[in-house]
Amino acid sequence: MDDNIETRQLVAVGVVDVLPRCLSGVYLFWDKAWAALAPGQWTALEEIRWVQEYYYMGYYIHTCPRMRYKADYQPADLLCPETKVGG
C-alpha cells in the first residue's frame with residue numbers, strides 16, 4: 001500500500017510508536033484516490049501482523065469519520081466520553 005509498484009507513487013504514510021511490549025498506531029495519511037482500498041484498515045492489519053502481541057490503535061474519536069474504522073476491531077477497551085469509564 002505504501003508504494004505502488006506500477007507507478008512508484010507514494011500513496012500512504014504511517015507513523016507508529018514501537019514500545020517494548022506493544023506497537024501503537026499513531027497517525028496515517030493517504031492519497032484520497034486510494035480511499036476505496038481502506039488504507040487505515042489495511043495498515044492496522046499489517047501493524048497487528050507485525051506485533052502479534054498487544055496492539056494499540058491510538059485515539060478513537062467517534063465523531064471523526066476517518067477514525068470510525070477503529071470501532072470494527074475487537075476486543076477493544078473504549079473510554080465512554082460521558083462517564084469516563086472504560087469497557
# chains A, B, ... in the order shown; residues from 1 in each chain; ligands from 1
call {"tool": "select_by_dssp", "arguments": {"residues": "chain A", "states": "strand (DSSP E)", "output": "list of chain:residue names"}}
result
A:Ala12, A:Val13, A:Gly14, A:Val15, A:Val16, A:Asp17, A:Val18, A:Cys22, A:Leu23, A:Ser24, A:Gly25, A:Val26, A:Tyr27, A:Leu28, A:Phe29, A:Trp30, A:Tyr54, A:Tyr55, A:Tyr56
call {"tool": "residues_around", "arguments": {"residues": "stretch 63-74 of chain A", "least_positions_apart": "3", "cutoff": "8 Å", "atoms": "only C-alpha atoms", "output": "PyMOL selection string"}}
result
chain A and resi 40-41+57+60
call {"tool": "write_last_selection", "arguments": {"atoms": "C-alpha atoms", "output": "JSON list (two decimals), in the first residue's frame"}}
result
[["chain", "number", "residue", "atom", "x", "y", "z"],
["A", 40, "GLY", "CA", -6.50, 2.72, 7.55],
["A", 41, "GLN", "CA", -7.82, -0.81, 7.80],
["A", 57, "MET", "CA", -4.70, 1.65, 17.54],
["A", 60, "TYR", "CA", -10.58, 6.86, 18.75]]
call {"tool": "residues_around", "arguments": {"residues": "A:Leu19", "least_positions_apart": "6", "cutoff": "12 Å", "atoms": "only C-alpha atoms", "output": "MDAnalysis selection string"}}
result
chainID A and resid 25 51 53:56
call {"tool": "write_last_selection", "arguments": {"atoms": "all heavy atoms", "output": "JSON list (two decimals), in the first residue's frame"}}
result
[["chain", "number", "residue", "atom", "x", "y", "z"],
["A", 25, "GLY", "N", -0.30, 2.44, 16.74],
["A", 25, "GLY", "CA", -0.53, 3.20, 15.52],
["A", 25, "GLY", "C", -0.79, 4.65, 15.89],
["A", 25, "GLY", "O", -1.75, 4.95, 16.60],
["A", 51, "VAL", "N", 3.26, -7.04, 15.11],
["A", 51, "VAL", "CA", 3.47, -7.11, 16.56],
["A", 51, "VAL", "C", 3.05, -8.45, 17.15],
["A", 51, "VAL", "O", 3.70, -8.96, 18.04],
["A", 51, "VAL", "CB", 2.78, -5.93, 17.29],
["A", 51, "VAL", "CG1", 1.30, -6.09, 17.31],
["A", 51, "VAL", "CG2", 3.34, -5.74, 18.66],
["A", 53, "GLU", "N", 1.26, -9.30, 19.40],
["A", 53, "GLU", "CA", 1.03, -9.31, 20.85],
["A", 53, "GLU", "C", -0.04, -8.28, 21.16],
["A", 53, "GLU", "O", -1.18, -8.49, 20.87],
["A", 53, "GLU", "CB", 2.33, -9.00, 21.60],
["A", 53, "GLU", "CG", 3.26, -10.18, 21.70],
["A", 53, "GLU", "CD", 4.45, -9.87, 22.59],
["A", 53, "GLU", "OE1", 4.24, -9.35, 23.69],
["A", 53, "GLU", "OE2", 5.57, -10.15, 22.16],
["A", 54, "TYR", "N", 0.38, -7.17, 21.72],
["A", 54, "TYR", "CA", -0.57, -6.11, 22.07],
["A", 54, "TYR", "C", -0.45, -4.98, 21.07],
["A", 54, "TYR", "O", 0.64, -4.46, 20.83],
["A", 54, "TYR", "CB", -0.28, -5.58, 23.49],
["A", 54, "TYR", "CG", -1.24, -4.50, 23.89],
["A", 54, "TYR", "CD1", -2.55, -4.79, 24.22],
["A", 54, "TYR", "CD2", -0.84, -3.18, 23.89],
["A", 54, "TYR", "CE1", -3.44, -3.79, 24.55],
["A", 54, "TYR", "CE2", -1.72, -2.16, 24.23],
["A", 54, "TYR", "CZ", -3.01, -2.49, 24.55],
["A", 54, "TYR", "OH", -3.89, -1.49, 24.87],
["A", 55, "TYR", "N", -1.58, -4.59, 20.50],
["A", 55, "TYR", "CA", -1.60, -3.52, 19.52],
["A", 55, "TYR", "C", -2.54, -2.43, 19.99],
["A", 55, "TYR", "O", -3.69, -2.69, 20.32],
["A", 55, "TYR", "CB", -2.06, -4.05, 18.16],
["A", 55, "TYR", "CG", -2.19, -2.98, 17.11],
["A", 55, "TYR", "CD1", -1.06, -2.32, 16.63],
["A", 55, "TYR", "CD2", -3.42, -2.62, 16.60],
["A", 55, "TYR", "CE1", -1.17, -1.34, 15.68],
["A", 55, "TYR", "CE2", -3.53, -1.63, 15.65],
["A", 55, "TYR", "CZ", -2.41, -1.00, 15.19],
["A", 55, "TYR", "OH", -2.52, -0.02, 14.24],
["A", 56, "TYR", "N", -2.06, -1.21, 20.02],
["A", 56, "TYR", "CA", -2.86, -0.05, 20.41],
["A", 56, "TYR", "C", -3.10, 0.79, 19.17],
["A", 56, "TYR", "O", -2.15, 1.26, 18.54],
["A", 56, "TYR", "CB", -2.11, 0.75, 21.48],
["A", 56, "TYR", "CG", -2.77, 2.05, 21.85],
["A", 56, "TYR", "CD1", -4.02, 2.07, 22.44],
["A", 56, "TYR", "CD2", -2.14, 3.26, 21.60],
["A", 56, "TYR", "CE1", -4.64, 3.26, 22.77],
["A", 56, "TYR", "CE2", -2.75, 4.46, 21.94],
["A", 56, "TYR", "CZ", -3.99, 4.45, 22.52],
["A", 56, "TYR", "OH", -4.59, 5.64, 22.84]]
call {"tool": "residues_around", "arguments": {"residues": "A:Ala33", "least_positions_apart": "4", "cutoff": "12 Å", "atoms": "only C-alpha atoms", "output": "PDB file with N, CA and C atoms, in the first residue's frame"}}
result
ATOM      1  N   GLN A   9       4.413   5.429  -6.978  1.00  0.00           N
ATOM      2  CA  GLN A   9       3.817   6.583  -6.315  1.00  0.00           C
ATOM      3  C   GLN A   9       3.585   6.276  -4.834  1.00  0.00           C
ATOM      4  N   LEU A  10       4.045   7.145  -3.973  1.00  0.00           N
ATOM      5  CA  LEU A  10       3.784   7.017  -2.549  1.00  0.00           C
ATOM      6  C   LEU A  10       2.309   7.338  -2.323  1.00  0.00           C
ATOM      7  N   VAL A  11       1.570   6.406  -1.716  1.00  0.00           N
ATOM      8  CA  VAL A  11       0.138   6.619  -1.551  1.00  0.00           C
ATOM      9  C   VAL A  11      -0.288   6.726  -0.092  1.00  0.00           C
ATOM     10  N   ALA A  12       0.579   6.340   0.841  1.00  0.00           N
ATOM     11  CA  ALA A  12       0.231   6.436   2.255  1.00  0.00           C
ATOM     12  C   ALA A  12       1.497   6.555   3.091  1.00  0.00           C
ATOM     13  N   PHE A  29      -1.778   9.052   6.979  1.00  0.00           N
ATOM     14  CA  PHE A  29      -2.456   9.864   5.969  1.00  0.00           C
ATOM     15  C   PHE A  29      -2.181   9.246   4.610  1.00  0.00           C
ATOM     16  N   LEU A  37      -9.716   1.621  -1.086  1.00  0.00           N
ATOM     17  CA  LEU A  37      -8.974   0.451  -0.618  1.00  0.00           C
ATOM     18  C   LEU A  37      -8.807   0.429   0.900  1.00  0.00           C
ATOM     19  N   ALA A  38      -9.407   1.389   1.591  1.00  0.00           N
ATOM     20  CA  ALA A  38      -9.395   1.456   3.060  1.00  0.00           C
ATOM     21  C   ALA A  38      -7.981   1.380   3.634  1.00  0.00           C
ATOM     22  N   PRO A  39      -7.152   2.366   3.338  1.00  0.00           N
ATOM     23  CA  PRO A  39      -5.772   2.332   3.821  1.00  0.00           C
ATOM     24  C   PRO A  39      -5.653   2.218   5.339  1.00  0.00           C
TER      25      PRO A  39
END
call {"tool": "select_by_dssp", "arguments": {"residues": "chain A", "states": "alpha helix (DSSP H)", "output": "NGL selection string"}}
result
:A and (39-51)
call {"tool": "write_last_selection", "arguments": {"atoms": "all heavy atoms", "output": "short mmCIF file (atom, residue, chain, number, x, y, z; two decimals), in the first residue's frame"}}
result
data_model
loop_
_atom_site.label_atom_id
_atom_site.label_comp_id
_atom_site.auth_asym_id
_atom_site.auth_seq_id
_atom_site.Cartn_x
_atom_site.Cartn_y
_atom_site.Cartn_z
N PRO A 39 -7.15 2.37 3.34
CA PRO A 39 -5.77 2.33 3.82
C PRO A 39 -5.65 2.22 5.34
O PRO A 39 -4.73 1.57 5.84
CB PRO A 39 -5.17 3.64 3.34
CG PRO A 39 -6.11 4.19 2.33
CD PRO A 39 -7.43 3.56 2.56
N GLY A 40 -6.54 2.82 6.09
CA GLY A 40 -6.50 2.72 7.55
C GLY A 40 -6.67 1.29 8.02
O GLY A 40 -5.97 0.84 8.93
N GLN A 41 -7.60 0.58 7.42
CA GLN A 41 -7.82 -0.81 7.80
C GLN A 41 -6.64 -1.68 7.37
O GLN A 41 -6.20 -2.55 8.12
CB GLN A 41 -9.11 -1.32 7.18
CG GLN A 41 -10.33 -0.64 7.75
CD GLN A 41 -11.61 -1.10 7.07
OE1 GLN A 41 -11.59 -1.81 6.08
NE2 GLN A 41 -12.73 -0.67 7.61
N TRP A 42 -6.14 -1.45 6.19
CA TRP A 42 -5.04 -2.26 5.68
C TRP A 42 -3.80 -2.09 6.56
O TRP A 42 -3.17 -3.07 6.95
CB TRP A 42 -4.73 -1.87 4.23
CG TRP A 42 -3.72 -2.77 3.60
CD1 TRP A 42 -3.96 -3.95 2.97
CD2 TRP A 42 -2.31 -2.55 3.55
NE1 TRP A 42 -2.78 -4.48 2.52
CE2 TRP A 42 -1.75 -3.66 2.87
CE3 TRP A 42 -1.47 -1.55 4.02
CZ2 TRP A 42 -0.39 -3.77 2.65
CZ3 TRP A 42 -0.10 -1.67 3.80
CH2 TRP A 42 0.42 -2.76 3.11
N THR A 43 -3.47 -0.86 6.89
CA THR A 43 -2.27 -0.64 7.70
C THR A 43 -2.46 -1.16 9.13
O THR A 43 -1.51 -1.66 9.72
CB THR A 43 -1.85 0.85 7.73
OG1 THR A 43 -2.94 1.63 8.21
CG2 THR A 43 -1.43 1.32 6.36
N ALA A 44 -3.68 -1.05 9.67
CA ALA A 44 -3.93 -1.60 11.01
C ALA A 44 -3.68 -3.11 11.01
O ALA A 44 -3.04 -3.64 11.92
CB ALA A 44 -5.35 -1.29 11.46
N LEU A 45 -4.16 -3.79 9.99
CA LEU A 45 -3.95 -5.24 9.92
C LEU A 45 -2.47 -5.58 9.77
O LEU A 45 -1.97 -6.55 10.36
CB LEU A 45 -4.76 -5.84 8.77
CG LEU A 45 -6.27 -5.81 8.99
CD1 LEU A 45 -7.00 -6.28 7.73
CD2 LEU A 45 -6.67 -6.66 10.18
N GLU A 46 -1.75 -4.79 8.99
CA GLU A 46 -0.31 -5.02 8.84
C GLU A 46 0.43 -4.79 10.16
O GLU A 46 1.31 -5.55 10.53
CB GLU A 46 0.28 -4.10 7.76
CG GLU A 46 0.04 -4.59 6.36
CD GLU A 46 0.70 -5.93 6.09
OE1 GLU A 46 1.94 -6.03 6.22
OE2 GLU A 46 -0.03 -6.88 5.76
N GLU A 47 0.03 -3.75 10.89
CA GLU A 47 0.67 -3.46 12.17
C GLU A 47 0.38 -4.57 13.18
O GLU A 47 1.26 -4.97 13.94
CB GLU A 47 0.21 -2.09 12.69
CG GLU A 47 0.75 -0.96 11.83
CD GLU A 47 0.06 0.37 12.07
OE1 GLU A 47 -0.82 0.46 12.96
OE2 GLU A 47 0.38 1.34 11.36
N ILE A 48 -0.85 -5.09 13.18
CA ILE A 48 -1.20 -6.20 14.07
C ILE A 48 -0.37 -7.43 13.71
O ILE A 48 0.13 -8.13 14.57
CB ILE A 48 -2.71 -6.51 13.97
CG1 ILE A 48 -3.52 -5.37 14.61
CG2 ILE A 48 -3.04 -7.85 14.63
CD1 ILE A 48 -5.00 -5.41 14.32
N ARG A 49 -0.19 -7.68 12.42
CA ARG A 49 0.60 -8.81 11.97
C ARG A 49 2.06 -8.67 12.44
O ARG A 49 2.69 -9.64 12.85
CB ARG A 49 0.55 -8.92 10.44
CG ARG A 49 1.26 -10.14 9.89
CD ARG A 49 1.12 -10.21 8.38
NE ARG A 49 1.78 -9.11 7.70
CZ ARG A 49 3.07 -9.08 7.38
NH1 ARG A 49 3.86 -10.08 7.70
NH2 ARG A 49 3.59 -8.04 6.76
N TRP A 50 2.59 -7.46 12.41
CA TRP A 50 3.97 -7.23 12.83
C TRP A 50 4.17 -7.53 14.30
O TRP A 50 5.13 -8.15 14.69
CB TRP A 50 4.40 -5.80 12.57
CG TRP A 50 4.52 -5.42 11.13
CD1 TRP A 50 4.72 -6.26 10.07
CD2 TRP A 50 4.41 -4.11 10.59
NE1 TRP A 50 4.75 -5.53 8.90
CE2 TRP A 50 4.56 -4.21 9.19
CE3 TRP A 50 4.21 -2.86 11.15
CZ2 TRP A 50 4.51 -3.11 8.35
CZ3 TRP A 50 4.16 -1.76 10.30
CH2 TRP A 50 4.32 -1.90 8.93
N VAL A 51 3.26 -7.04 15.11
CA VAL A 51 3.47 -7.11 16.56
C VAL A 51 3.05 -8.45 17.15
O VAL A 51 3.70 -8.96 18.04
CB VAL A 51 2.78 -5.93 17.29
CG1 VAL A 51 1.30 -6.09 17.31
CG2 VAL A 51 3.34 -5.74 18.66
#
call {"tool": "closest_residue", "arguments": {"among": "A:Arg21, A:Ala76, A:Leu28, A:Ala36", "to": "A:Gln52", "atoms": "only C-alpha atoms"}}
result
A:Arg21
call {"tool": "closest_residue", "arguments": {"among": "A:Val18, A:Leu23, A:Ile61, A:Asp31", "to": "A:Cys80", "atoms": "only C-alpha atoms"}}
result
A:Ile61
call {"tool": "atom_distance", "arguments": {"atom1": "atom CA of A:Ala35", "atom2": "atom CA of A:Val15"}}
result
18.0 Å
call {"tool": "atom_distance", "arguments": {"atom1": "atom CA of A:Trp34", "atom2": "atom CA of A:His62"}}
result
22.4 Å
